[in-house]
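J.: Got a structure here, written out as structure tokens. Questions coming.
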Amino acid sequence: QDTTDNKFGKGISVVASDSSFSLRFKTRFQTLYTGTFNEATEKYKDNLMIRRARLKFDGFAYTPRLKYKVELGLSNRDTGGSIPQANNTANIILDAVLKYNFYGRWSIWFGQTKLPGNIERVISSAALQLVDRSNLNSRFNIDRDAGIQLRYASSHFRSSTAISKGEGRNITASNAGGYDYTQRFEWLPFGQFTGKGDYFGADLKREPSPKLMLGVTYDYNDRATRERGQLGGFLPEERTLETWFLDAHFKYQGFSTMIEYANKKAHNGPSITDETGATIGTFYTGTGFNIQSGYLFKNDIELAGRYTSVAPDEETGKAQNDQYTLGLSKYLVGHALKIQSDISLIDEEGADREYMYRFQVEFSL
Amino acid sequence: QDTTDNKFGKGISVVASDSSFSLRFKTRFQTLYTGTFNEATEKYKDNLMIRRARLKFDGFAYTPRLKYKVELGLSNRDTGGSIPQANNTANIILDAVLKYNFYGRWSIWFGQTKLPGNIERVISSAALQLVDRSNLNSRFNIDRDAGIQLRYASSHFRSSTAISKGEGRNITASNAGGYDYTQRFEWLPFGQFTGKGDYFGADLKREPSPKLMLGVTYDYNDRATRERGQLGGFLPEERTLETWFLDAHFKYQGFSTMIEYANKKAHNGPSITDETGATIGTFYTGTGFNIQSGYLFKNDIELAGRYTSVAPDEETGKAQNDQYTLGLSKYLVGHALKIQSDISLIDEEGADREYMYRFQVEFSL
Amino acid sequence: QDTTDNKFGKGISVVASDSSFSLRFKTRFQTLYTGTFNEATEKYKDNLMIRRARLKFDGFAYTPRLKYKVELGLSNRDTGGSIPQANNTANIILDAVLKYNFYGRWSIWFGQTKLPGNIERVISSAALQLVDRSNLNSRFNIDRDAGIQLRYASSHFRSSTAISKGEGRNITASNAGGYDYTQRFEWLPFGQFTGKGDYFGADLKREPSPKLMLGVTYDYNDRATRERGQLGGFLPEERTLETWFLDAHFKYQGFSTMIEYANKKAHNGPSITDETGATIGTFYTGTGFNIQSGYLFKNDIELAGRYTSVAPDEETGKAQNDQYTLGLSKYLVGHALKIQSDISLIDEEGADREYMYRFQVEFSL
């Protein structure tokens, strides 16, 4: 048995004595219980599973200016979705990316990783304020992709520009349609959050002065072929998708709030029809709004609330969906070891009202 | 190159200097040759494969009372069985579980791991006395599941209580039917085995005084939907399954013997019939008996024998199967590095008599 | 954070203070861009993906004479090809093998690993001179297999003998047909290459005196059942395949050249016909020739060229294919961190002429 100077929750890091590289290893898993009660039928369905289990390797190599990151997803929820375009196999790789700080505040990224989309998506699934991301995210996020990104970061302003394949992670088939172009700007009017707090949920650092991040993302997916751009089923026709995200993240003395707006449009409309006019496939377009707030008590218990409204374009034939969520979390060691639960009222047009209860334990070495 | 104070066979462990966590990493693989000779047809079929290959991460975190374990299966034999209920993907996660010793001798477990079933199942596949587990285990074991377990352990007595989903590992679909309830008691009339010897095969510790473990498990799988509860194909109807296991493990001065009895019943009978009365699916029910004994010579060579009889209920239409096995193992570094081979006579009702030869090398870092 | 004495590009190694084992961990990934231009249709198709991502564990255990190696493939290109014979799941395991140096220069290997085939195949995909292997290799290589190998190595001569299952990696089904027998001899007339340079591309060591490796492999795959022996689709009939490889690798003062010849024949011809005489499947047989050379400039930039010709037997109905490739590589930290690109003219009989451009970044911890 050996001794390490690392602390729980930060992974295990080593740095070469000749400074030629560093490596941090992390592993994590989430065990999730979900129970859903249908008000009309009075039926209760539930589920218990390893929602996420991950291995993560990152660090620098050659020079501290060259960083690498590899993240592997192992749970069936993460690896599923075997499709011919991804070689009919498990999707294990989440991230495999090199990040080179070539000049001053500028970096270039190359490989597969998250696109600079809505903040809720880019926050790690290990660092969420509620049990899982909102329905806005499920419907509109632009997820991961293989490509190249140009990143600029100063204390008050950040810019991320991406050109990517456009079909999402682990696609082995040739690029369908055109590329995807993404631009995100972030403004931090009161300067940086403590410990990169803009990119984790809950004000665990109890910001002594107010901190705000305002972000806007524009994404142009030229001739997309999947229902939601980087995600969803492959459709028989292509549509160019344009997506806007506006988001804000605010933290102050244990209080935090995050607001997001999303809008997706398809050139020539989202629906694909055959000669008879019957709809044979639909891109998911429309508008989403999400607001969530929480307050972290002295004992590291947080009470949080969320309202999410997703309004698909009428032409899609999908139903409007509103969700009201109340969450209670106990942070034992920040996001590294926490117990989270929430209860949601799901109100979908044309469907029975449902109540969803979730309970999750997150463990990140 | 760094130096470690770990020894071969125990994995690589590190403990944080602030005692905030520990991590042990292990990797292992088994290369298995199997040859089967059919007495009637005189045909010989054989096979060589990586039977198991695993990565294992465990330790404590936050407090030594909170333990975690993640075990990943990587071989095609381990990851196969892609089904819609498991998201049509490779089943990589074996264990992902937290174990919290909340009070004295009591612990609570949460996540996915082995249920407290028959001893042969719970003994690691790396620590078996013969090349692989018996046919009793193949037919009746309750395997792994996602759930919660309550564990009590004193020097002479142990109790394990589990409530789990009931459909086995890596199921992403909603819970079918009801839950599974498991209770196991273990009695150690002569106290604990040396080095937890009740949970590995062969008396590698050469117990100076006789040691015995007696166990009984009762499992109630409320409205199960898979052929064998946690395992097997999904069936079109549900049946509540009740399973009993009685087992004993004895070790003394190099001699060891393990005896198991299993019985599984289905409420309303195991068969599912359509309107015409034709059987369209069958739960696997019946009785199994297994006895195995071995003697470890001074040179760490063990000679072992096993008799296994599986008698499915007549209504299942499955055949009785008797197996006689003779095994020879050389333990180079205990179960960490060993060569095992065995030969079995397989006598199945209504089938040709078969002889099966197996040769396996196990390597566990 | 801990300090390690390892250097970038060599992985992270630890050796037990009691010399009971060592472990080296490596991770790597390649991000590959491929663009193909069809001269006739003037269409351009492209692709960007994580071509390979790997985890590798190796070292010795018990005694320095017993070595182990486990290599895992994680990218969709590596894990795809889900087939019933491999348990319908992702193919994660590349290598899982023990190597025992039982006497002098003799070793025995047991498990799954590369067969001693053509040199280009055995050179790691991380250590290639051009972006990827040649078309000769794609069509004729004998890849990996589960089996046993006997290896002899002196300073001027090496021999590798293998008996393997014959159907390639991760097959869980019983052995089809007979075994595969492989024999390779290697002659190093001027002695060993610096740093095992015969088994990596480009003369990164700038050999001060000329070094040459001459190799010949003969492979007899008794009643093979896959199109290309260890690779390709399973066919409805068996054919015994005989494959010859002749290869040479030369390095001197930054200059390197590799030449390969391959020939595969099927007993009773490669084609499988039904009663009407229609072809319902074809083993891939014929002849391949590959020559590639490169010169490494002082600044670690290499210019390399390759000519590959593959001439399938007429009976297969496959087309002759000639490829002319020009490559440019920058080795930042040898093969551990490099940028490679190449452009190829693909001239296939009966098909449009194509130009293929590739750009790849390789990162190996």
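Naming works like this for the structure tokens: A, B, ... for the chains as they're shown, residue 1 at the start of each chain, ligands 1 onward in shown order.
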Residues of chain B no more than 9 Å from chain C, counting only C-alpha atoms: send them over as a ChimeraX atom specification.
T.: /B:1-9,27-32,34,45-51,53,74-77,79-82,89-91,332-333,337,361,363,365
J.: So which residues touch Thr194 of chain C within 12 Å, counting only C-alpha atoms, skipping near sequence neighbours fewer than 4 positions away, as an MDAnalysis selection string?
T.: chainID C and resid 155 190 198:200 203:212 251:253
J.: Might you pull out every residue within 8 Å of Gly168 of chain A, with only C-alpha atoms counted and same-chain residues fewer than 4 positions away left off, and present them as an NGL selection string?
T.: :A and (143-146 or 229-231)
J.: Given the selection you just returned, output its residues as a file containing all heavy atoms, formatted as a short mmCIF file (atom, residue, chain, number, x, y, z; two decimals), in the first residue's frame.
T.:
data_model
loop_
_atom_site.label_atom_id
_atom_site.label_comp_id
_atom_site.auth_asym_id
_atom_site.auth_seq_id
_atom_site.Cartn_x
_atom_site.Cartn_y
_atom_site.Cartn_z
N ASP A 143 -25.16 18.89 -27.35
CA ASP A 143 -24.36 17.73 -26.92
C ASP A 143 -22.89 17.77 -27.35
O ASP A 143 -22.27 18.81 -27.34
CB ASP A 143 -25.04 16.46 -27.46
CG ASP A 143 -24.70 15.23 -26.63
OD1 ASP A 143 -24.95 15.25 -25.41
OD2 ASP A 143 -24.19 14.26 -27.19
N ARG A 144 -22.39 16.59 -27.64
CA ARG A 144 -20.98 16.45 -28.02
C ARG A 144 -20.85 16.29 -29.53
O ARG A 144 -21.78 15.85 -30.20
CB ARG A 144 -20.39 15.21 -27.34
CG ARG A 144 -20.20 15.36 -25.86
CD ARG A 144 -19.67 14.08 -25.27
NE ARG A 144 -19.09 14.30 -23.96
CZ ARG A 144 -19.76 14.18 -22.81
NH1 ARG A 144 -21.03 13.86 -22.81
NH2 ARG A 144 -19.15 14.39 -21.65
N ASP A 145 -19.63 16.55 -30.02
CA ASP A 145 -19.38 16.36 -31.44
C ASP A 145 -17.87 16.28 -31.66
O ASP A 145 -17.08 16.72 -30.81
CB ASP A 145 -19.98 17.52 -32.23
CG ASP A 145 -20.49 17.10 -33.60
OD1 ASP A 145 -20.08 16.03 -34.09
OD2 ASP A 145 -21.33 17.83 -34.16
N ALA A 146 -17.49 15.74 -32.78
CA ALA A 146 -16.08 15.73 -33.17
C ALA A 146 -15.82 16.97 -33.99
O ALA A 146 -16.58 17.28 -34.91
CB ALA A 146 -15.77 14.48 -33.99
N GLY A 229 -30.36 17.21 -34.22
CA GLY A 229 -29.03 17.68 -34.60
C GLY A 229 -27.97 16.66 -34.25
O GLY A 229 -27.67 15.76 -35.03
N GLN A 230 -27.40 16.77 -33.05
CA GLN A 230 -26.36 15.83 -32.61
C GLN A 230 -26.97 14.57 -31.98
O GLN A 230 -26.25 13.62 -31.67
CB GLN A 230 -25.44 16.50 -31.57
CG GLN A 230 -24.25 17.24 -32.16
CD GLN A 230 -24.62 18.56 -32.79
OE1 GLN A 230 -25.74 19.04 -32.69
NE2 GLN A 230 -23.66 19.17 -33.47
N LEU A 231 -28.27 14.61 -31.75
CA LEU A 231 -28.93 13.52 -31.03
C LEU A 231 -30.20 13.09 -31.76
O LEU A 231 -30.69 13.81 -32.63
CB LEU A 231 -29.29 13.99 -29.61
CG LEU A 231 -28.12 14.33 -28.68
CD1 LEU A 231 -28.61 15.13 -27.48
CD2 LEU A 231 -27.42 13.06 -28.21
#
J.: Can you list, as an MDAnalysis selection string, every residue of segment 5-203 of chain C that DSSP puts in strand (DSSP E)?
T.: chainID C and resid 12:16 22:38 44:61 63:73 93:103 106:114 144:153 157:164 180:187
J.: If we count only C-alpha atoms and set the cut-off at 12 Å, which residues sit around Lys43 of chain C, ignoring sequence neighbours fewer than 3 positions away in its own chain? Please answer as number ranges by chain.
T.: C: 35-40, 46, 352-356
J.: Can you pull out every residue from segment 69-311 of chain A that DSSP, working from the backbone, puts in helix (DSSP H, G or I), and format the result as a PyMOL selection string?
T.: chain A and resi 76-79+84-86+119-122+135-140+194-199
J.: Write the selection just made, keeping N, CA, C and O atoms, as an mmCIF file, in the first residue's frame?
T.:
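In the end it all went to selection-v6.cif:
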data_model
loop_
_atom_site.group_PDB
_atom_site.id
_atom_site.type_symbol
_atom_site.label_atom_id
_atom_site.label_comp_id
_atom_site.auth_asym_id
_atom_site.auth_seq_id
_atom_site.Cartn_x
_atom_site.Cartn_y
_atom_site.Cartn_z
ATOM 1 N N ASN A 76 -25.189 1.450 -19.134
ATOM 2 C CA ASN A 76 -25.998 1.147 -20.311
ATOM 3 C C ASN A 76 -26.762 2.366 -20.808
ATOM 4 O O ASN A 76 -27.006 2.491 -22.004
ATOM 5 N N ARG A 77 -27.112 3.272 -19.926
ATOM 6 C CA ARG A 77 -27.770 4.494 -20.373
ATOM 7 C C ARG A 77 -26.807 5.365 -21.187
ATOM 8 O O ARG A 77 -27.217 6.050 -22.116
ATOM 9 N N ASP A 78 -25.543 5.336 -20.850
ATOM 10 C CA ASP A 78 -24.543 6.119 -21.586
ATOM 11 C C ASP A 78 -24.097 5.474 -22.894
ATOM 12 O O ASP A 78 -23.813 6.164 -23.866
ATOM 13 N N THR A 79 -23.984 4.151 -22.898
ATOM 14 C CA THR A 79 -23.375 3.494 -24.061
ATOM 15 C C THR A 79 -24.385 3.044 -25.103
ATOM 16 O O THR A 79 -24.003 2.629 -26.187
ATOM 17 N N PRO A 84 -26.132 1.994 -37.074
ATOM 18 C CA PRO A 84 -25.162 1.691 -38.136
ATOM 19 C C PRO A 84 -24.144 2.824 -38.320
ATOM 20 O O PRO A 84 -22.967 2.575 -38.550
ATOM 21 N N GLN A 85 -24.603 4.067 -38.178
ATOM 22 C CA GLN A 85 -23.695 5.205 -38.384
ATOM 23 C C GLN A 85 -22.606 5.284 -37.328
ATOM 24 O O GLN A 85 -21.639 6.014 -37.470
ATOM 25 N N ALA A 86 -22.797 4.543 -36.233
ATOM 26 C CA ALA A 86 -21.779 4.510 -35.183
ATOM 27 C C ALA A 86 -21.210 3.099 -35.058
ATOM 28 O O ALA A 86 -20.751 2.703 -33.987
ATOM 29 N N ILE A 119 -25.434 26.363 -20.944
ATOM 30 C CA ILE A 119 -24.606 26.145 -19.748
ATOM 31 C C ILE A 119 -24.987 24.873 -19.007
ATOM 32 O O ILE A 119 -24.130 24.125 -18.534
ATOM 33 N N GLU A 120 -26.270 24.589 -18.939
ATOM 34 C CA GLU A 120 -26.749 23.415 -18.217
ATOM 35 C C GLU A 120 -26.142 22.134 -18.787
ATOM 36 O O GLU A 120 -25.857 21.192 -18.061
ATOM 37 N N ARG A 121 -25.946 22.118 -20.110
ATOM 38 C CA ARG A 121 -25.359 20.951 -20.759
ATOM 39 C C ARG A 121 -23.877 20.822 -20.454
ATOM 40 O O ARG A 121 -23.358 19.729 -20.281
ATOM 41 N N VAL A 122 -23.217 21.949 -20.411
ATOM 42 C CA VAL A 122 -21.761 21.903 -20.280
ATOM 43 C C VAL A 122 -21.358 21.631 -18.829
ATOM 44 O O VAL A 122 -20.317 21.034 -18.561
ATOM 45 N N ASN A 135 -35.776 19.396 -18.829
ATOM 46 C CA ASN A 135 -36.361 18.971 -20.089
ATOM 47 C C ASN A 135 -35.955 19.900 -21.238
ATOM 48 O O ASN A 135 -35.893 19.460 -22.380
ATOM 49 N N LEU A 136 -35.676 21.147 -20.954
ATOM 50 C CA LEU A 136 -35.158 22.047 -22.000
ATOM 51 C C LEU A 136 -33.899 21.440 -22.589
ATOM 52 O O LEU A 136 -33.708 21.376 -23.804
ATOM 53 N N ASN A 137 -33.042 20.994 -21.692
ATOM 54 C CA ASN A 137 -31.791 20.402 -22.140
ATOM 55 C C ASN A 137 -32.028 19.132 -22.964
ATOM 56 O O ASN A 137 -31.444 18.937 -24.015
ATOM 57 N N SER A 138 -32.904 18.266 -22.464
ATOM 58 C CA SER A 138 -33.202 17.016 -23.178
ATOM 59 C C SER A 138 -33.650 17.280 -24.604
ATOM 60 O O SER A 138 -33.310 16.537 -25.520
ATOM 61 N N ARG A 139 -34.424 18.342 -24.779
ATOM 62 C CA ARG A 139 -35.027 18.588 -26.089
ATOM 63 C C ARG A 139 -34.144 19.394 -27.031
ATOM 64 O O ARG A 139 -34.221 19.238 -28.230
ATOM 65 N N PHE A 140 -33.327 20.301 -26.484
ATOM 66 C CA PHE A 140 -32.647 21.239 -27.373
ATOM 67 C C PHE A 140 -31.117 21.226 -27.343
ATOM 68 O O PHE A 140 -30.489 21.880 -28.169
ATOM 69 N N THR A 194 -15.777 32.005 -7.877
ATOM 70 C CA THR A 194 -14.809 31.277 -7.064
ATOM 71 C C THR A 194 -14.764 29.813 -7.524
ATOM 72 O O THR A 194 -15.811 29.184 -7.680
ATOM 73 N N GLY A 195 -13.564 29.319 -7.748
ATOM 74 C CA GLY A 195 -13.398 27.897 -8.105
ATOM 75 C C GLY A 195 -14.206 27.472 -9.315
ATOM 76 O O GLY A 195 -14.726 26.358 -9.340
ATOM 77 N N LYS A 196 -14.302 28.330 -10.332
ATOM 78 C CA LYS A 196 -15.058 28.012 -11.560
ATOM 79 C C LYS A 196 -16.522 27.687 -11.275
ATOM 80 O O LYS A 196 -17.121 26.789 -11.907
ATOM 81 N N GLY A 197 -17.081 28.432 -10.327
ATOM 82 C CA GLY A 197 -18.447 28.160 -9.870
ATOM 83 C C GLY A 197 -19.515 28.377 -10.916
ATOM 84 O O GLY A 197 -20.641 27.906 -10.744
ATOM 85 N N ASP A 198 -19.195 29.076 -11.993
ATOM 86 C CA ASP A 198 -20.212 29.215 -13.048
ATOM 87 C C ASP A 198 -20.492 27.878 -13.720
ATOM 88 O O ASP A 198 -21.553 27.686 -14.298
ATOM 89 N N TYR A 199 -19.550 26.958 -13.610
ATOM 90 C CA TYR A 199 -19.747 25.664 -14.250
ATOM 91 C C TYR A 199 -19.984 24.514 -13.276
ATOM 92 O O TYR A 199 -19.629 23.380 -13.562
#
J.: Any idea what's packed within 8 Å of Asn101 of chain B, counting only C-alpha atoms, ignoring anything in its chain fewer than 4 positions away? Could you give it as a list in words?
T.: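 Once the adjacent positions are removed, what remains is Arg65, Leu66, Arg105, Trp106, Ser107 and Ile108 of chain B.
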J.: Keeping C-alpha atoms for every residue in the selection just given, could you write it to a file as a compact mmCIF listing (two decimals), in the first residue's frame?
T.:
# COMPACT_ATOMS: atom_id res chain seq x y z
CA ARG B 65 -16.86 3.57 7.10
CA LEU B 66 -17.93 4.39 3.57
CA ARG B 105 -21.68 -4.33 12.85
CA TRP B 106 -24.35 -2.98 10.53
CA SER B 107 -23.86 -1.75 7.01
CA ILE B 108 -26.15 -0.57 4.31
J.: Excluding Asp247 of chain C and any residue of its chain fewer than 5 positions from it, enumerate the residues within 10 Å of it, using only C-alpha atoms, and give them as a ChimeraX atom specification.
T.: /C:117-120,186,213-217,258-262,289-291
J.: List the neighbours of Thr161 of chain A out to 6 Å using only C-alpha atoms; skip same-chain residues closer than 3 positions along the sequence, and give me the result as a VMD selection string.
T.: chain A and resid 149 to 150 182 to 183
J.: Could you state the separation of atom CA of Thr243 of chain A and atom CA of Ala319 of chain A in Å, given to one decimal place?
T.: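 Result for atom CA of Thr243 of chain A versus atom CA of Ala319 of chain A: 19.4 Å, one decimal.
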